[in-house]
Every structure is written in structure tokens, then in C-alpha cells.
file work.tsv (TSV, C-alpha atoms and all ligand atoms)
chain	number	residue	atom	x	y	z
M	1164	MET	CA	19.86	-12.58	-1.34
M	1165	MET	CA	20.00	-9.03	-0.02
M	1166	ALA	CA	23.81	-8.99	-0.20
M	1167	GLY	CA	25.16	-5.90	-1.85
M	1168	ILE	CA	22.09	-3.79	-1.22
M	1169	LEU	CA	22.58	-0.97	1.22
M	1170	THR	CA	19.83	-0.20	3.68
M	1171	GLY	CA	18.42	3.15	4.69
M	1172	LEU	CA	20.32	5.36	2.26
M	1173	VAL	CA	18.71	8.56	1.13
M	1174	GLY	CA	19.25	9.35	-2.52
M	1175	ASN	CA	18.47	8.05	-5.96
M	1176	ASP	CA	21.50	5.79	-6.31
M	1177	ALA	CA	21.33	2.23	-5.12
M	1178	HIS	CA	25.09	1.51	-5.32
M	1179	GLY	CA	24.46	-2.22	-5.06
M	1180	THR	CA	23.75	-5.37	-6.98
M	1181	PRO	CA	20.14	-5.48	-8.15
M	1182	MET	CA	18.13	-8.19	-6.45
M	1183	ALA	CA	17.14	-10.98	-8.86
M	1184	LEU	CA	13.44	-11.65	-8.73
M	1185	GLU	CA	10.95	-13.88	-10.48
M	1186	ARG	CA	8.09	-12.22	-12.30
M	1187	GLY	CA	5.06	-11.76	-10.05
M	1188	LYS	CA	7.12	-11.44	-6.85
M	1189	ALA	CA	7.03	-7.65	-6.77
M	1190	VAL	CA	4.02	-5.42	-6.25
M	1191	VAL	CA	3.48	-1.66	-6.28
M	1192	VAL	CA	1.32	0.19	-3.73
M	1193	PHE	CA	0.82	3.96	-3.88
M	1194	PHE	CA	-1.21	6.97	-2.78
M	1195	SER	CA	-1.78	10.01	-4.97
M	1196	TRP	CA	-3.90	13.08	-4.31
M	1197	SER	CA	-3.47	15.82	-6.89
M	1198	PRO	CA	-5.39	15.94	-10.17
M	1199	ASP	CA	-1.99	15.79	-11.91
M	1200	GLY	CA	-1.47	12.34	-10.41
M	1201	ASN	CA	2.31	12.59	-10.22
M	1202	MET	CA	2.65	9.61	-7.94
M	1203	ARG	CA	0.03	7.67	-9.88
M	1204	PHE	CA	2.13	8.17	-13.02
M	1205	ALA	CA	5.34	7.15	-11.23
M	1206	ALA	CA	3.71	4.07	-9.69
M	1207	GLU	CA	2.18	2.92	-12.96
M	1208	THR	CA	5.45	3.42	-14.83
M	1209	ILE	CA	7.36	1.44	-12.21
M	1210	ALA	CA	4.74	-1.32	-12.21
M	1211	ARG	CA	4.98	-1.58	-16.00
M	1212	ARG	CA	8.78	-1.92	-15.79
M	1213	LEU	CA	8.37	-4.70	-13.22
M	1214	SER	CA	5.39	-6.35	-14.93
M	1215	ALA	CA	3.81	-6.00	-11.48
M	1216	GLU	CA	0.32	-5.39	-10.20
M	1217	VAL	CA	-0.38	-1.94	-8.79
M	1218	PHE	CA	-2.69	-1.06	-5.90
M	1219	GLU	CA	-3.93	2.37	-4.83
M	1220	ILE	CA	-4.28	3.41	-1.19
M	1221	ARG	CA	-7.34	5.63	-0.67
M	1222	ALA	CA	-8.33	7.59	2.42
M	1223	ALA	CA	-11.68	6.43	3.85
M	1224	LYS	CA	-12.70	10.10	3.90
M	1225	PRO	CA	-11.04	11.84	0.96
M	1226	TYR	CA	-9.05	15.01	1.53
M	1227	SER	CA	-10.49	18.24	0.16
M	1228	SER	CA	-9.84	18.65	-3.55
M	1229	ASP	CA	-8.76	22.24	-2.84
M	1230	PHE	CA	-4.96	22.47	-2.44
M	1231	ARG	CA	-4.92	25.00	0.41
M	1232	THR	CA	-7.64	23.22	2.37
M	1233	CYS	CA	-5.92	19.89	1.84
M	1234	THR	CA	-2.55	21.18	3.03
M	1235	ARG	CA	-4.19	22.71	6.12
M	1236	GLU	CA	-5.98	19.43	6.85
M	1237	ALA	CA	-2.89	17.32	6.28
M	1238	ARG	CA	-0.39	19.42	8.25
M	1239	PRO	CA	-1.43	18.43	11.80
M	1240	GLU	CA	-1.85	14.81	10.68
M	1241	CYS	CA	1.66	14.71	9.23
M	1242	GLN	CA	3.16	16.40	12.26
M	1243	ALA	CA	1.38	14.13	14.75
M	1244	LYS	CA	1.92	11.03	12.56
M	1245	THR	CA	-1.83	10.43	12.65
M	1246	LEU	CA	-3.06	7.18	11.13
M	1247	ARG	CA	-5.80	8.48	8.88
M	1248	PRO	CA	-8.30	5.67	8.16
M	1249	ILE	CA	-8.05	4.12	4.71
M	1250	GLN	CA	-10.21	1.93	2.49
M	1251	PRO	CA	-9.27	-1.77	2.45
M	1252	LEU	CA	-6.92	-2.71	-0.40
M	1253	LYS	CA	-8.89	-5.45	-2.11
M	1254	GLY	CA	-7.02	-8.30	-3.76
M	1255	LEU	CA	-3.53	-7.62	-2.42
M	1256	ASP	CA	-1.86	-10.71	-0.95
M	1257	LEU	CA	1.50	-9.61	0.45
M	1258	GLY	CA	2.36	-13.25	1.11
M	1259	LYS	CA	2.90	-13.75	-2.64
M	1260	HIS	CA	5.50	-11.00	-2.90
M	1261	GLU	CA	9.15	-10.61	-1.95
M	1262	VAL	CA	9.53	-6.96	-2.86
M	1263	VAL	CA	6.97	-4.24	-2.19
M	1264	PHE	CA	7.34	-0.86	-3.88
M	1265	VAL	CA	5.58	1.84	-1.87
M	1266	GLY	CA	5.00	5.28	-3.39
M	1267	THR	CA	3.88	8.43	-1.63
M	1268	PRO	CA	3.77	12.12	-2.39
M	1269	ASN	CA	5.94	14.11	0.02
M	1270	TRP	CA	3.48	15.77	2.37
M	1271	TRP	CA	4.95	18.16	4.90
M	1272	GLY	CA	8.31	16.45	4.64
M	1273	THR	CA	7.04	12.95	5.30
M	1274	MET	CA	4.79	10.29	3.78
M	1275	ALA	CA	1.10	11.11	3.27
M	1276	PRO	CA	-0.92	9.90	6.30
M	1277	PRO	CA	-2.87	7.22	4.37
M	1278	VAL	CA	0.48	5.66	3.44
M	1279	ARG	CA	1.59	5.70	7.07
M	1280	THR	CA	-1.68	3.93	7.92
M	1281	TRP	CA	-1.21	1.25	5.28
M	1282	VAL	CA	2.42	0.61	6.22
M	1283	THR	CA	1.54	0.45	9.92
M	1284	GLN	CA	-1.37	-1.93	9.29
M	1285	ASN	CA	0.90	-4.16	7.20
M	1286	ARG	CA	4.09	-4.22	9.28
M	1287	GLU	CA	3.62	-7.91	9.96
M	1288	GLY	CA	3.07	-8.72	6.27
M	1289	LEU	CA	6.10	-6.62	5.28
M	1290	LYS	CA	8.38	-8.26	7.84
M	1291	GLY	CA	11.43	-9.86	6.20
M	1292	LYS	CA	10.56	-8.37	2.80
M	1293	ALA	CA	12.36	-5.75	0.77
M	1294	VAL	CA	10.49	-2.45	0.68
M	1295	CYS	CA	11.38	-0.04	-2.09
M	1296	VAL	CA	10.28	3.49	-1.26
M	1297	PHE	CA	9.77	6.19	-3.89
M	1298	GLN	CA	8.21	9.60	-3.58
M	1299	THR	CA	7.26	12.61	-5.65
M	1300	HIS	CA	7.74	16.08	-4.25
M	1301	GLY	CA	7.23	19.75	-5.04
M	1302	GLY	CA	10.86	20.79	-4.61
M	1303	GLY	CA	11.67	19.64	-1.09
M	1304	GLY	CA	13.31	16.40	-2.19
M	1305	MET	CA	13.53	13.40	0.12
M	1306	GLN	CA	13.22	15.31	3.43
M	1307	ARG	CA	12.20	12.75	6.11
M	1308	VAL	CA	10.31	10.35	3.85
M	1309	GLY	CA	12.93	7.59	3.59
M	1310	ARG	CA	13.90	7.83	7.24
M	1311	ASP	CA	10.29	7.63	8.39
M	1312	PHE	CA	9.73	4.44	6.39
M	1313	ALA	CA	12.87	2.87	7.85
M	1314	GLU	CA	11.69	3.84	11.34
M	1315	LEU	CA	8.25	2.28	10.77
M	1316	LEU	CA	9.70	-0.92	9.31
M	1317	PRO	CA	12.66	-2.05	11.43
M	1318	GLU	CA	12.07	-5.68	10.46
M	1319	SER	CA	11.95	-5.09	6.71
M	1320	THR	CA	14.84	-4.30	4.39
M	1321	VAL	CA	14.12	-0.75	3.29
M	1322	LEU	CA	16.07	-0.37	0.04
M	1323	PRO	CA	17.59	3.01	-0.86
M	1324	PRO	CA	14.62	5.30	-1.45
M	1325	ALA	CA	14.25	7.71	-4.35
M	1326	ALA	CA	12.69	11.15	-4.76
M	1327	PHE	CA	11.29	12.46	-8.06
M	1328	LEU	CA	10.23	16.01	-8.74
M	1329	GLY	CA	6.48	15.78	-9.33
M	1330	ALA	CA	6.32	18.48	-12.00
M	1331	SER	CA	8.80	16.68	-14.24
M	1332	VAL	CA	7.92	13.07	-13.51
M	1333	ARG	CA	6.34	12.58	-16.95
M	1334	SER	CA	9.51	13.58	-18.73
M	1335	GLY	CA	11.55	11.34	-16.45
M	1336	VAL	CA	10.32	7.89	-17.42
M	1337	ARG	CA	13.89	6.69	-17.97
M	1338	GLU	CA	14.83	7.85	-14.47
M	1339	LEU	CA	11.91	5.90	-13.01
M	1340	GLU	CA	12.94	2.81	-14.95
M	1341	ARG	CA	16.52	3.20	-13.78
M	1342	PHE	CA	15.29	3.39	-10.20
M	1343	VAL	CA	13.79	-0.08	-10.69
M	1344	GLU	CA	16.73	-1.53	-12.64
M	1345	GLU	CA	19.27	-0.46	-10.01
M	1346	ARG	CA	17.37	-2.34	-7.33
M	1347	ILE	CA	15.55	-5.24	-8.96
M	1348	ALA	CA	16.24	-7.47	-11.96
M	1349	VAL	CA	13.02	-9.27	-12.90
M	1350	ARG	CA	13.86	-12.50	-14.72
M	1351	GLY	CA	12.49	-12.63	-18.21
M	1352	THR	CA	11.67	-8.94	-18.65
M	1353	ASP	CA	15.00	-7.62	-19.99
O	1	LIG	C1	-0.81	18.36	1.65
O	1	LIG	C2	0.41	18.54	0.80
O	1	LIG	C3	1.64	18.76	1.40
O	1	LIG	C4	2.80	18.86	0.63
O	1	LIG	N1	4.00	19.03	1.25
O	1	LIG	C5	5.14	19.04	0.51
O	1	LIG	C6	6.42	19.16	1.14
O	1	LIG	O1	6.55	19.23	2.36
O	1	LIG	N2	7.53	19.18	0.34
O	1	LIG	C7	7.46	19.08	-1.02
O	1	LIG	O2	8.48	19.07	-1.69
O	1	LIG	N3	6.26	18.98	-1.64
O	1	LIG	C8	5.10	18.97	-0.93
O	1	LIG	N4	3.88	18.85	-1.55
O	1	LIG	C9	3.83	18.70	-3.02
O	1	LIG	C10	3.65	17.24	-3.45
O	1	LIG	O3	4.55	16.38	-2.79
O	1	LIG	C11	3.90	17.06	-4.98
O	1	LIG	O4	3.12	17.96	-5.70
O	1	LIG	C12	3.61	15.61	-5.41
O	1	LIG	O5	4.22	15.39	-6.68
O	1	LIG	C13	2.12	15.35	-5.55
O	1	LIG	O6	1.87	14.02	-5.97
O	1	LIG	P1	0.42	13.62	-6.51
O	1	LIG	O7	0.20	14.38	-7.81
O	1	LIG	O8	0.49	12.15	-6.76
O	1	LIG	O9	-0.58	13.95	-5.46
O	1	LIG	C14	2.70	18.78	-0.80
O	1	LIG	C15	1.45	18.62	-1.40
O	1	LIG	C16	0.31	18.51	-0.62
O	1	LIG	C17	-1.03	18.31	-1.28
call {"tool": "encode", "arguments": {"input": "work.tsv", "output": "C-alpha cells", "more": "lines below"}}
Ligand SMILES: Cc1cc2nc3c(=O)[nH]c(=O)nc-3n(C[C@H](O)[C@H](O)[C@H](O)COP(=O)(O)O)c2cc1C
result
Amino acid sequence: MMAGILTGLVGNDAHGTPMALERGKAVVVFFSWSPDGNMRFAAETIARRLSAEVFEIRAAKPYSSDFRTCTREARPECQAKTLRPIQPLKGLDLGKHEVVFVGTPNWWGTMAPPVRTWVTQNREGLKGKAVCVFQTHGGGGMQRVGRDFAELLPESTVLPPAAFLGASVRSGVRELERFVEERIAVRGTD
């Protein structure tokens, strides 16, 4: 089923045959921090294209709402790959899904720590599944985000990840939809 899909590539092009999927077999999980909600917008747009449910990862103790304070707080966590505690994701049954889209803002070149926590806690549930990584960034692009997911999930098929510039994500709906269409063809939604 995964034939034709390349693993671990970094870039926005899938260069493969989209994976055919029944409706309801994909789910979207994301974390977003800023009041602009760039990743929230991307995740909701992608979920709509997939007719999928969407779940938000939240830190147990929220980060400061002040940008500078948040970046100072997050830096050592990102560098040390700290597993910041998160709230439980109520109602998500990974067993029902074949493809899991995971969205994170780029924080210090990698995934935001609450995303690292969720992925780490769910490695078993993600085993053997396709994981579709997407991120929004402030100009740095993909950096280590895709690689770090692939490293955390050696027993999942990490599909080619994509990076979207946060500031222009709202004018890039078509790009977000294309990201989905190049990887997944949901039966009955086209
Ligand atoms: C703590 C923190 C660290 C960040 N580090 C990076 C970075 O290393 N590279 C980058 O391109 N953008 C960085 N950004 C910018 C965010 O990735 C970007 O604004 C993203 O679109 C925010 O998504 P959100 O609105 O869903 O929170 C950082 C933002 C924060 C708050």
C-alpha cells in the first residue's frame, strides 16, 4: 500500500503515488501557540480537505503568552528534547486510523516540545502507520523538523514532510490542499 511513497524526504513535493484511503481513516493532530494560530489554520484546512477529525495538543502548563518569554522558556526544552507534559487528548483512538497528520510550529529548528511529548507517548499507537508531518515556520523552513520526526518514529512510515511559512499560510490554502492531495486520496471526497 505504501508503494511509491518515499520516506524521510524533506521538502514540499511528495513525488509518489498518493495513498488511497477510506474516509475516516485519517486524523489530524496539531499544536499551535501564537494568537495568529498559523498551525491551527493549517491543521483545520488539512482536516477539512480530508474530511478528518482534528485534535489539539495542549501543554499541561501553558507557555507564556509573551513571545520573548515563550522563546526563552522553549529554547532549553527544544535543545534538550525535553518532554514537556501535555493534557490528555480526549476522544482520539489511533487504532481507527491508518494515516496520522501531525502539525507543529517550528520551534528552535525542531518540533514544539508538546508535540515531541505526544509523539513519544504514542509511538506504539503510531507503529506501522503513515505519519504525515507538516509545520509552519517564521522563515527558517524545514530545519530539523522532518528529520526529528523520522528519528522518533523508526517503525512508522514518515511521509515526505512539508513546511509552510506561517505569515502567509492563510493565502496558501491551495498549497495546503495540494500537500494532502499529493500524499492521500480519500475515496469519495474528490
Ligand atoms: C518559541 C518559538 C520558537 C520559534 N523558533 C523558530 C525557528 O527556529 N525557526 C522558524 O522559522 N520559526 C520559529 N518560530 C516561529 C514559528 O514557527 C511561526 O511563527 C509559526 O508559524 C507559529 O505557529 P502558530 O501560530 O501556530 O503558533 C518560533 C516561534 C516560537 C514561539
call {"tool": "atom_distance", "arguments": {"input": "work.tsv", "atom1": "atom CA of Ala1325 of chain M", "atom2": "atom C3 of ligand LIG 1 (chain O)"}}
result
17.7 Å
call {"tool": "atom_distance", "arguments": {"input": "work.tsv", "atom1": "atom CA of Lys1244 of chain M", "atom2": "atom P1 of ligand LIG 1 (chain O)"}}
result
19.3 Å
call {"tool": "residues_near_ligand", "arguments": {"input": "work.tsv", "ligand": "ligand LIG 1 (chain O)", "cutoff": "8 Å", "atoms": "only C-alpha atoms and all ligand atoms", "output": "number ranges by chain"}}
result
M: 1194-1204, 1230-1231, 1233-1238, 1267-1273, 1275, 1298-1306, 1327-1330
call {"tool": "closest_residue", "arguments": {"input": "work.tsv", "among": "M:Phe1297, M:Val1343, M:Pro1277, M:Ala1326", "to": "Ala1215 of chain M", "atoms": "all atoms listed in the file"}}
result
M:Val1343
call {"tool": "atom_distance", "arguments": {"input": "work.tsv", "atom1": "atom CA of Trp1281 of chain M", "atom2": "atom CA of Arg1350 of chain M"}}
result
28.6 Å
call {"tool": "residues_around", "arguments": {"input": "work.tsv", "residues": "Leu1289 of chain M", "least_positions_apart": "3", "cutoff": "8 Å", "atoms": "only C-alpha atoms", "output": "list in words"}}
result
Leu1257, Val1263, Asn1285, Arg1286, Lys1292, Ala1293, Val1294, Leu1316, Glu1318 and Ser1319 of chain M
call {"tool": "closest_residue", "arguments": {"input": "work.tsv", "among": "M:Leu1246, M:Thr1180, M:Val1190, M:Ala1205", "to": "Val1336 of chain M", "atoms": "all atoms listed in the file"}}
result
M:Ala1205
call {"tool": "axis_aligned_box", "arguments": {"input": "work.tsv", "around": "segment 1316-1328 of chain M", "padding_each_side": "3 Å", "output": "JSON"}}
result
{"center_x": 13.6, "center_y": 5.2, "center_z": 1.3, "size_x": 13.9, "size_y": 27.7, "size_z": 26.2}
call {"tool": "closest_atom_pairs", "arguments": {"input": "work.tsv", "of": "segment 1227-1261 of chain M", "to": "segment 1185-1189 of chain M", "cutoff": "9 Å", "atoms": "all atoms listed in the file", "output": "JSON lines"}}
result
{"residue": "M:Lys1259", "atom": "CA", "partner": "M:Lys1188", "partner_atom": "CA", "distance": 6.4}
{"residue": "M:His1260", "atom": "CA", "partner": "M:Lys1188", "partner_atom": "CA", "distance": 4.3}
{"residue": "M:Glu1261", "atom": "CA", "partner": "M:Lys1188", "partner_atom": "CA", "distance": 5.4}
call {"tool": "closest_residue", "arguments": {"input": "work.tsv", "among": "M:Val1217, M:Leu1184, M:Met1274, M:Arg1341", "to": "Arg1310 of chain M", "atoms": "all atoms listed in the file"}}
result
M:Met1274
call {"tool": "decode", "arguments": {"input": "work.tsv", "residues": "segment 1186-1215 of chain M", "atoms": "C-alpha atoms", "output": "compact mmCIF listing (two decimals), in the first residue's frame"}}
result
# COMPACT_ATOMS: atom_id res chain seq x y z
CA ARG M 1186 -12.97 8.31 4.66
CA GLY M 1187 -12.46 8.32 8.43
CA LYS M 1188 -9.08 6.57 8.28
CA ALA M 1189 -7.04 9.76 8.59
CA VAL M 1190 -6.84 12.09 11.56
CA VAL M 1191 -5.10 15.41 12.20
CA VAL M 1192 -3.26 16.25 15.43
CA PHE M 1193 -1.59 19.62 15.97
CA PHE M 1194 -0.11 22.12 18.43
CA SER M 1195 -0.33 25.86 17.97
CA TRP M 1196 0.83 28.64 20.29
CA SER M 1197 0.63 32.10 18.75
CA PRO M 1198 -2.53 34.22 18.77
CA ASP M 1199 -2.33 34.15 14.95
CA GLY M 1200 -2.85 30.39 15.08
CA ASN M 1201 -0.89 29.63 11.93
CA MET M 1202 -0.67 25.93 12.63
CA ARG M 1203 -4.28 25.83 13.82
CA PHE M 1204 -5.33 27.27 10.46
CA ALA M 1205 -3.14 24.81 8.53
CA ALA M 1206 -4.41 21.84 10.57
CA GLU M 1207 -8.05 22.80 10.18
CA THR M 1208 -7.66 23.36 6.44
CA ILE M 1209 -5.97 19.99 6.01
CA ALA M 1210 -8.62 18.26 8.14
CA ARG M 1211 -11.37 19.80 6.02
CA ARG M 1212 -9.69 18.54 2.83
CA LEU M 1213 -9.51 15.04 4.34
CA SER M 1214 -12.95 15.16 5.96
CA ALA M 1215 -11.00 14.17 9.08
